[in-house]
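Shown below: upload29.tsv, with TSV, C-alpha atoms.
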chain	number	residue	atom	x	y	z
A	1183	MET	CA	88.28	71.33	99.38
A	1184	ILE	CA	88.95	74.88	100.57
A	1185	ARG	CA	91.33	76.85	98.37
A	1186	PHE	CA	94.10	78.92	99.88
A	1187	ASN	CA	96.41	78.58	96.88
A	1188	ASN	CA	95.60	81.97	95.30
A	1189	ASP	CA	93.42	85.06	95.64
A	1190	TYR	CA	91.51	84.84	92.35
A	1191	ASN	CA	89.62	81.54	92.61
A	1192	ARG	CA	86.13	83.07	92.89
A	1193	GLY	CA	84.15	85.40	90.67
A	1194	ALA	CA	83.54	88.86	92.03
A	1195	HIS	CA	82.20	90.71	95.05
A	1196	PRO	CA	78.36	90.94	95.03
A	1197	ALA	CA	78.55	94.73	94.67
A	1198	VAL	CA	80.42	94.26	91.40
A	1199	LEU	CA	77.91	91.70	90.13
A	1200	GLU	CA	75.03	93.96	91.08
A	1201	ALA	CA	76.63	96.83	89.17
A	1202	LEU	CA	77.14	94.61	86.14
A	1203	ASN	CA	73.54	93.41	86.25
A	1204	ALA	CA	72.17	96.93	86.63
A	1205	ALA	CA	74.21	98.10	83.64
A	1206	ASN	CA	73.40	95.13	81.43
A	1207	THR	CA	70.48	96.74	79.62
A	1208	GLN	CA	72.14	100.14	79.34
A	1209	ASN	CA	74.23	101.24	76.37
A	1210	TYR	CA	77.63	102.89	76.52
A	1211	GLY	CA	80.34	104.26	74.32
A	1212	GLY	CA	83.23	102.00	73.41
A	1213	TYR	CA	86.90	101.59	74.25
A	1214	GLY	CA	86.77	103.11	77.73
A	1215	LEU	CA	85.36	106.45	76.59
A	1216	ASP	CA	82.17	106.19	78.61
A	1217	GLU	CA	80.57	107.52	81.76
A	1218	ARG	CA	81.31	104.41	83.84
A	1219	CYS	CA	85.05	104.64	83.22
A	1220	ALA	CA	84.94	108.39	83.80
A	1221	ALA	CA	83.14	107.90	87.13
A	1222	ALA	CA	85.55	105.17	88.21
A	1223	ALA	CA	88.56	107.31	87.31
A	1224	LYS	CA	87.10	110.18	89.33
A	1225	SER	CA	86.56	107.88	92.33
A	1226	ILE	CA	90.21	106.80	92.19
A	1227	GLN	CA	91.54	110.32	91.61
A	1228	MET	CA	89.85	111.46	94.82
A	1229	HIS	CA	92.42	109.38	96.72
A	1230	LEU	CA	95.51	110.54	94.81
A	1231	ASN	CA	95.98	114.24	95.57
A	1232	CYS	CA	97.37	114.42	92.04
A	1233	PRO	CA	95.03	116.41	89.75
A	1234	GLY	CA	97.05	115.63	86.64
A	1235	ALA	CA	96.95	111.85	87.04
A	1236	ALA	CA	95.50	109.83	84.15
A	1237	VAL	CA	93.62	106.58	84.86
A	1238	HIS	CA	93.29	103.77	82.32
A	1239	PHE	CA	91.54	100.42	82.71
A	1240	LEU	CA	93.03	97.21	81.32
A	1241	VAL	CA	92.09	93.57	81.70
A	1242	GLY	CA	95.08	91.95	83.43
A	1243	GLY	CA	98.37	92.53	85.19
A	1244	THR	CA	100.75	91.10	82.59
A	1245	GLN	CA	99.01	93.22	79.98
A	1246	VAL	CA	99.47	96.35	82.08
A	1247	ASN	CA	103.12	95.59	82.75
A	1248	PHE	CA	104.27	95.14	79.19
A	1249	THR	CA	102.03	97.92	77.87
A	1250	VAL	CA	103.51	100.46	80.29
A	1251	ILE	CA	107.04	99.31	79.55
A	1252	ALA	CA	106.46	99.33	75.80
A	1253	ALA	CA	105.13	102.89	75.95
A	1254	ALA	CA	107.83	104.23	78.27
A	1255	LEU	CA	111.06	102.79	76.90
A	1256	ARG	CA	113.05	103.09	73.71
A	1257	PRO	CA	114.28	99.80	72.17
A	1258	TRP	CA	117.74	99.86	73.80
A	1259	GLN	CA	116.44	100.69	77.28
A	1260	SER	CA	115.93	98.15	80.06
A	1261	VAL	CA	114.05	97.58	83.31
A	1262	ILE	CA	115.56	97.01	86.74
A	1263	ALA	CA	113.60	94.50	88.86
A	1264	ALA	CA	114.09	92.06	91.70
A	1265	ASP	CA	115.06	88.58	90.54
A	1266	THR	CA	111.74	87.43	92.04
A	1267	GLY	CA	109.77	90.15	90.23
A	1268	HIS	CA	106.63	89.08	88.42
A	1269	ILE	CA	107.83	90.41	85.06
A	1270	HIS	CA	111.00	88.35	85.45
A	1271	VAL	CA	109.70	84.96	86.58
A	1272	HIS	CA	105.95	84.72	85.92
A	1273	GLU	CA	105.14	86.40	82.61
A	1274	THR	CA	106.66	84.05	80.04
A	1275	GLY	CA	109.15	86.64	78.86
A	1276	ALA	CA	106.46	89.16	77.91
A	1277	VAL	CA	108.76	92.13	78.52
A	1278	GLU	CA	111.62	90.53	76.59
A	1279	HIS	CA	109.15	89.71	73.83
A	1280	ILE	CA	108.51	93.42	73.30
A	1281	GLY	CA	112.26	93.99	73.12
A	1282	HIS	CA	113.41	95.08	76.57
A	1283	LYS	CA	115.99	93.45	78.80
A	1284	ILE	CA	115.18	92.93	82.49
A	1285	GLN	CA	118.16	93.66	84.73
A	1286	ALA	CA	117.34	91.37	87.66
A	1287	LEU	CA	118.89	92.25	91.02
A	1288	PRO	CA	119.15	89.82	93.96
A	1289	HIS	CA	116.27	90.28	96.37
A	1290	THR	CA	116.03	90.40	100.13
A	1291	ASP	CA	112.61	89.07	101.17
A	1292	GLY	CA	111.34	89.97	97.70
A	1293	LYS	CA	112.63	93.54	97.80
A	1294	ILE	CA	115.47	95.51	96.23
A	1295	SER	CA	117.02	98.62	97.74
A	1296	ALA	CA	117.77	102.15	96.66
A	1297	ALA	CA	121.49	101.37	97.05
A	1298	GLN	CA	121.25	98.41	94.66
A	1299	ILE	CA	119.38	100.48	92.10
A	1300	LYS	CA	121.84	103.35	92.39
A	1301	ALA	CA	124.78	101.00	91.86
A	1302	GLU	CA	123.18	99.58	88.72
A	1303	ALA	CA	122.41	103.03	87.35
A	1304	GLU	CA	125.91	104.23	88.16
A	1305	LEU	CA	127.43	101.35	86.17
A	1306	TYR	CA	125.68	102.66	83.09
A	1307	ARG	CA	126.45	106.32	83.81
A	1308	THR	CA	130.18	105.65	84.11
A	1309	SER	CA	130.40	103.15	81.28
A	1310	GLY	CA	132.60	104.03	78.37
A	1311	ILE	CA	130.69	101.72	76.07
A	1312	LYS	CA	127.09	102.85	76.47
A	1313	GLU	CA	126.29	102.00	72.86
A	1314	HIS	CA	127.10	98.35	73.60
A	1315	ILE	CA	124.91	97.86	76.69
A	1316	THR	CA	121.31	98.49	77.62
A	1317	HIS	CA	120.31	101.67	79.39
A	1318	PRO	CA	118.35	101.11	82.65
A	1319	LYS	CA	115.45	103.51	82.27
A	1320	MET	CA	112.79	102.06	84.58
A	1321	VAL	CA	112.59	100.45	88.00
A	1322	TYR	CA	109.81	97.90	88.47
A	1323	LEU	CA	108.61	97.02	91.98
A	1324	SER	CA	105.63	95.09	93.32
A	1325	TYR	CA	103.56	96.20	96.31
A	1326	PRO	CA	103.19	93.79	97.99
A	1327	THR	CA	106.12	91.77	96.63
A	1328	GLU	CA	105.91	88.19	95.41
A	1329	PHE	CA	106.63	87.16	99.00
A	1330	GLY	CA	103.91	89.34	100.48
A	1331	THR	CA	106.43	91.79	101.94
A	1332	LEU	CA	106.00	95.56	101.90
A	1333	TYR	CA	108.17	98.50	100.99
A	1334	SER	CA	107.99	101.19	103.65
A	1335	LYS	CA	107.37	104.81	102.75
A	1336	GLU	CA	110.99	105.51	103.67
A	1337	GLU	CA	112.23	102.80	101.29
A	1338	LEU	CA	110.00	103.98	98.44
A	1339	THR	CA	111.05	107.58	99.02
A	1340	ALA	CA	114.71	106.61	98.76
A	1341	ILE	CA	114.10	104.56	95.60
A	1342	SER	CA	112.10	107.39	94.07
A	1343	ALA	CA	114.95	109.80	94.76
A	1344	VAL	CA	117.45	107.52	92.99
A	1345	CYS	CA	115.12	107.22	90.02
A	1346	LYS	CA	114.86	111.00	89.76
A	1347	GLU	CA	118.63	111.39	90.11
A	1348	TYR	CA	119.28	109.07	87.17
A	1349	GLY	CA	116.27	109.96	85.04
A	1350	MET	CA	114.55	106.60	85.50
A	1351	TYR	CA	110.83	105.90	85.71
A	1352	LEU	CA	109.46	104.20	88.83
A	1353	PHE	CA	106.61	101.77	88.11
A	1354	ILE	CA	104.80	99.77	90.79
A	1355	ASP	CA	102.83	96.60	90.11
A	1356	GLY	CA	99.81	96.70	92.43
A	1357	ALA	CA	98.12	93.44	91.47
A	1358	ARG	CA	97.61	92.78	95.21
A	1359	LEU	CA	97.58	96.41	96.27
A	1360	ALA	CA	94.42	96.08	98.40
A	1361	TYR	CA	96.12	93.50	100.62
A	1362	GLY	CA	99.23	95.65	100.99
A	1363	LEU	CA	97.25	98.76	101.93
A	1364	GLY	CA	95.18	96.61	104.30
A	1365	SER	CA	98.20	95.44	106.28
A	1366	PRO	CA	98.79	96.82	109.76
A	1367	LYS	CA	102.43	97.29	108.70
A	1368	ALA	CA	101.56	99.52	105.72
A	1369	ASP	CA	102.55	103.16	106.09
A	1370	ILE	CA	101.67	104.40	102.61
A	1371	THR	CA	98.49	105.54	100.88
A	1372	LEU	CA	97.39	105.85	97.28
A	1373	ALA	CA	98.39	109.51	97.50
A	1374	ASP	CA	101.90	108.47	98.54
A	1375	LEU	CA	102.15	106.14	95.56
A	1376	ALA	CA	100.99	108.92	93.26
A	1377	ALA	CA	103.63	111.27	94.69
A	1378	LEU	CA	106.52	108.80	94.57
A	1379	THR	CA	105.97	106.96	91.27
A	1380	ASP	CA	105.59	107.70	87.59
A	1381	ALA	CA	103.06	104.90	87.19
A	1382	PHE	CA	101.34	102.30	89.36
A	1383	TYR	CA	98.26	100.15	89.09
A	1384	ILE	CA	95.44	99.19	91.38
A	1385	GLY	CA	94.72	95.48	91.11
A	1386	GLY	CA	91.14	94.37	90.61
A	1387	THR	CA	91.45	90.79	89.34
A	1388	LYS	CA	92.86	89.57	92.67
A	1389	CYS	CA	90.96	92.07	94.79
A	1390	GLY	CA	87.22	91.69	94.20
A	1391	ALA	CA	86.66	92.31	90.47
A	1392	LEU	CA	85.84	89.70	87.86
A	1393	PHE	CA	88.85	91.03	86.00
A	1394	GLY	CA	90.61	94.34	85.46
A	1395	GLU	CA	93.37	96.64	86.66
A	1396	ALA	CA	93.29	100.42	87.05
A	1397	LEU	CA	96.51	101.98	85.82
A	1398	VAL	CA	97.48	105.40	87.18
A	1399	LEU	CA	99.96	107.49	85.18
A	1400	THR	CA	101.25	110.46	87.15
A	1401	ASN	CA	104.12	111.48	84.86
A	1402	PRO	CA	102.88	113.57	81.90
A	1403	ALA	CA	105.67	112.11	79.76
A	1404	LEU	CA	103.96	108.71	79.97
A	1405	GLN	CA	100.46	110.02	79.30
A	1406	GLU	CA	100.95	111.28	75.75
A	1407	ASP	CA	99.53	108.79	73.22
A	1408	PHE	CA	99.22	106.10	75.89
A	1409	ARG	CA	95.89	104.93	74.49
A	1410	SER	CA	97.74	104.15	71.27
A	1411	SER	CA	100.05	101.86	73.22
A	1412	ILE	CA	97.05	100.16	74.83
A	1413	LYS	CA	95.50	99.56	71.41
A	1414	GLN	CA	98.70	98.40	69.73
A	1415	ASN	CA	99.33	95.90	72.52
A	1416	GLY	CA	95.85	94.39	72.33
A	1417	GLY	CA	94.64	95.89	75.58
A	1418	MET	CA	91.82	98.16	74.45
A	1419	LEU	CA	88.58	96.44	75.42
A	1420	ALA	CA	85.68	97.43	73.18
A	1421	LYS	CA	83.30	97.06	76.13
A	1422	GLY	CA	85.58	99.15	78.33
A	1423	TRP	CA	82.66	100.11	80.55
A	1424	LEU	CA	82.80	96.56	81.97
A	1425	LEU	CA	86.09	97.55	83.60
A	1426	GLY	CA	85.05	101.01	84.70
A	1427	LEU	CA	81.88	100.01	86.49
A	1428	GLN	CA	83.72	97.32	88.47
A	1429	PHE	CA	86.16	99.85	89.88
A	1430	GLU	CA	83.34	102.31	90.44
A	1431	ALA	CA	81.68	99.66	92.62
A	1432	LEU	CA	84.91	98.71	94.42
A	1433	PHE	CA	85.74	102.30	95.30
A	1434	LYS	CA	82.26	103.15	96.52
A	1435	ASP	CA	82.21	103.65	100.30
A	1436	GLY	CA	85.76	102.31	100.67
A	1437	LEU	CA	84.89	98.73	99.72
A	1438	TYR	CA	88.25	98.09	98.02
A	1439	PHE	CA	90.17	98.95	101.18
A	1440	GLU	CA	87.81	96.97	103.42
A	1441	LEU	CA	88.24	93.81	101.33
A	1442	GLY	CA	92.01	94.02	101.51
A	1443	LYS	CA	91.99	94.64	105.24
A	1444	LYS	CA	89.68	91.69	105.92
A	1445	ALA	CA	91.70	89.21	103.86
A	1446	THR	CA	94.97	90.32	105.43
A	1447	ALA	CA	93.48	90.04	108.92
A	1448	TYR	CA	92.57	86.38	108.26
A	1449	ALA	CA	96.09	85.71	106.96
A	1450	LEU	CA	97.62	87.19	110.09
A	1451	GLU	CA	95.46	84.87	112.17
A	1452	PHE	CA	97.04	81.98	110.22
A	1453	LYS	CA	100.47	83.47	110.86
A	1454	ALA	CA	99.82	83.55	114.60
A	1455	ALA	CA	98.43	80.00	114.58
A	1456	PHE	CA	101.50	78.62	112.78
A	1457	GLU	CA	103.78	80.46	115.20
A	1458	LYS	CA	101.88	79.05	118.18
A	1459	ARG	CA	102.42	75.52	116.83
A	1460	GLY	CA	106.13	76.20	116.39
A	1461	ILE	CA	105.92	76.08	112.61
A	1462	PRO	CA	108.54	78.48	111.19
A	1463	ALA	CA	107.91	81.14	108.60
A	1464	TYR	CA	109.78	80.89	105.31
A	1465	ILE	CA	109.34	84.63	104.72
A	1466	GLU	CA	108.02	87.08	107.31
A	1467	SER	CA	104.90	88.52	105.65
A	1468	PHE	CA	102.18	90.78	107.00
A	1469	THR	CA	99.82	90.63	104.02
A	1470	ASN	CA	97.43	88.05	102.61
A	1471	GLN	CA	100.23	85.66	101.57
A	1472	GLN	CA	101.73	83.53	104.33
A	1473	PHE	CA	104.81	81.37	103.65
A	1474	VAL	CA	105.64	78.61	106.13
A	1475	ILE	CA	107.90	75.57	106.33
A	1476	LEU	CA	106.03	72.28	106.71
A	1477	THR	CA	107.17	68.69	107.07
A	1478	ALA	CA	105.86	66.10	104.63
A	1479	GLU	CA	103.49	64.82	107.32
A	1480	GLN	CA	102.12	68.29	108.02
A	1481	GLN	CA	101.65	68.93	104.31
A	1482	ALA	CA	99.76	65.67	103.88
A	1483	ALA	CA	97.52	66.39	106.87
A	1484	LEU	CA	96.53	69.85	105.63
A	1485	ALA	CA	96.20	68.75	102.00
A	1486	LYS	CA	93.24	66.53	102.92
A	1487	ASP	CA	90.98	69.57	103.22
A	1488	PHE	CA	92.92	72.55	101.87
A	1489	THR	CA	94.68	73.53	98.68
A	1490	PHE	CA	97.86	75.54	99.15
A	1491	GLU	CA	100.83	76.32	96.92
A	1492	PHE	CA	104.19	74.58	96.91
A	1493	GLU	CA	107.07	77.08	96.79
A	1494	ALA	CA	110.36	75.28	97.34
A	1495	ASP	CA	111.81	71.92	98.36
A	1496	LEU	CA	114.01	72.58	101.39
A	1497	GLY	CA	115.30	69.02	101.74
A	1498	GLY	CA	114.84	66.58	104.57
A	1499	GLY	CA	111.17	66.19	103.73
A	1500	LYS	CA	110.46	69.86	104.37
A	1501	ALA	CA	109.02	72.38	101.94
A	1502	ALA	CA	108.12	76.04	101.83
A	1503	VAL	CA	104.43	76.48	101.02
A	1504	ARG	CA	102.10	79.44	100.63
A	1505	PHE	CA	98.65	80.00	102.11
A	1506	CYS	CA	96.87	82.87	100.40
A	1507	THR	CA	93.66	84.50	101.60
A	1508	ALA	CA	91.41	86.52	99.31
A	1509	TRP	CA	88.69	89.15	99.29
A	1510	SER	CA	86.27	86.19	99.25
A	1511	THR	CA	87.70	84.24	102.19
A	1512	SER	CA	84.97	83.62	104.75
A	1513	ARG	CA	85.10	83.45	108.54
A	1514	GLU	CA	84.04	79.79	108.32
A	1515	GLU	CA	86.88	78.91	105.93
A	1516	ALA	CA	89.41	80.71	108.08
A	1517	ASP	CA	88.21	78.96	111.21
A	1518	LYS	CA	88.49	75.53	109.56
A	1519	LEU	CA	92.14	76.14	108.67
A	1520	LEU	CA	92.88	77.53	112.13
A	1521	ALA	CA	91.45	74.36	113.68
A	1522	ALA	CA	93.46	72.18	111.30
A	1523	ILE	CA	96.69	74.01	112.15
A	1524	GLU	CA	96.07	73.31	115.86
A	1525	ARG	CA	95.79	69.59	115.08
A	1526	ILE	CA	98.98	69.10	113.08
Please render this file's structure as structure tokens.
Amino acid sequence: MIRFNNDYNRGAHPAVLEALNAANTQNYGGYGLDERCAAAAKSIQMHLNCPGAAVHFLVGGTQVNFTVIAAALRPWQSVIAADTGHIHVHETGAVEHIGHKIQALPHTDGKISAAQIKAEAELYRTSGIKEHITHPKMVYLSYPTEFGTLYSKEELTAISAVCKEYGMYLFIDGARLAYGLGSPKADITLADLAALTDAFYIGGTKCGALFGEALVLTNPALQEDFRSSIKQNGGMLAKGWLLGLQFEALFKDGLYFELGKKATAYALEFKAAFEKRGIPAYIESFTNQQFVILTAEQQAALAKDFTFEFEADLGGGKAAVRFCTAWSTSREEADKLLAAIERI
């Protein structure tokens, strides 16, 4: 059975494993205050054009999301997100658990707009009962979105401007960032993200690492005492060097970007194959996640050899499903699915 149901079903890229093995008999300082984390942070900062950026390494995406929000917001402040946003639908209420309301806005292909965000912020600004409602203080986006779609630089610039106008933080979840940057439709860089956001993270768990995310804080207001927030929220790994050396390996010689580009290229081959067979897209995506509409018969035929993810029952025996490539997807695996698509 070949898995195309997610992008984290294998261990780690060989370069990461080699780095881990080479470091196994070495000794390092604890809690991320070590030379491996310092070297990894330097490798990332080289891409940011933001000398004041702080880089922190945490284990997983949910942990990063609620730790950033906990550190940034006061108890009566809330987060604006798409109603499909990961913090809203896939994190078991982690943000609400730390005491912050999520103001979910209706999405278009997984995205929300600057106009929507401005309208929400304006409702609070003009309210005569501010002490009775939550104050939207942060905008949370994903790049790519839950539907594999991408914000353009123009869209992010407009959203960033609204955030600045209303004194809101802009935070981007980059759990699948490698696949977004690797898309032929992407028109942003890490330096653009650093310039337009207050915080964003570079996903490792889904992009070649065993585990780990690299959080970049560009706003000095978020940097003060942030390690205390990491510790209080259970995110400070004693063996922090395990995270640092993985990102050091991934950012050596552009490996991180190459892995994302390769996986996205395979996914776009699937996209073209489905289109050729007349199988419609559920969402038009140009990253490693491809959403298509299959009949029950087509689902059954592909399910004999491939695992993919059910998304929605569309009635009439049809369903929206997701095929997801990964840093580890091989040419052989891709070719087997391409052949199977031709047969259905």
Discussion item. For a test of reading the model, state the distance in Å between CA of Glu1200 (chain A) and CA of Ala1391 (chain A), rounded to one decimal.
Written reply: 11.8 Å
Discussion item. Which residue is closest to Asn1415 (chain A)? Choose from A:Phe1248, A:Gly1267, A:Gly1212, A:Ala1221 and count all atoms listed in the file.
Written reply: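 For Asn1415 (chain A), the nearest of the given residues is A:Phe1248.
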Discussion item. Using only C-alpha atoms for the distances, tell me which of A:Arg1409, A:Lys1293, A:Lys1335, A:Arg1185 is nearest to Val1237 (chain A).
Written reply: A:Arg1409
Item to complete: Go through A:Tyr1322, A:Tyr1210, A:Phe1492, A:Tyr1190 and flag the residue nearest Thr1266 (chain A), using all atoms listed in the file for the distances.
Response: A:Tyr1322
Practice prompt. Excluding Leu1484 (chain A) and any residue of its chain fewer than 4 positions from it, enumerate the residues within 7 Å of it, using all atoms listed in the file, and give them as a VMD selection string.
Written response: chain A and resid 1480 1488 1522
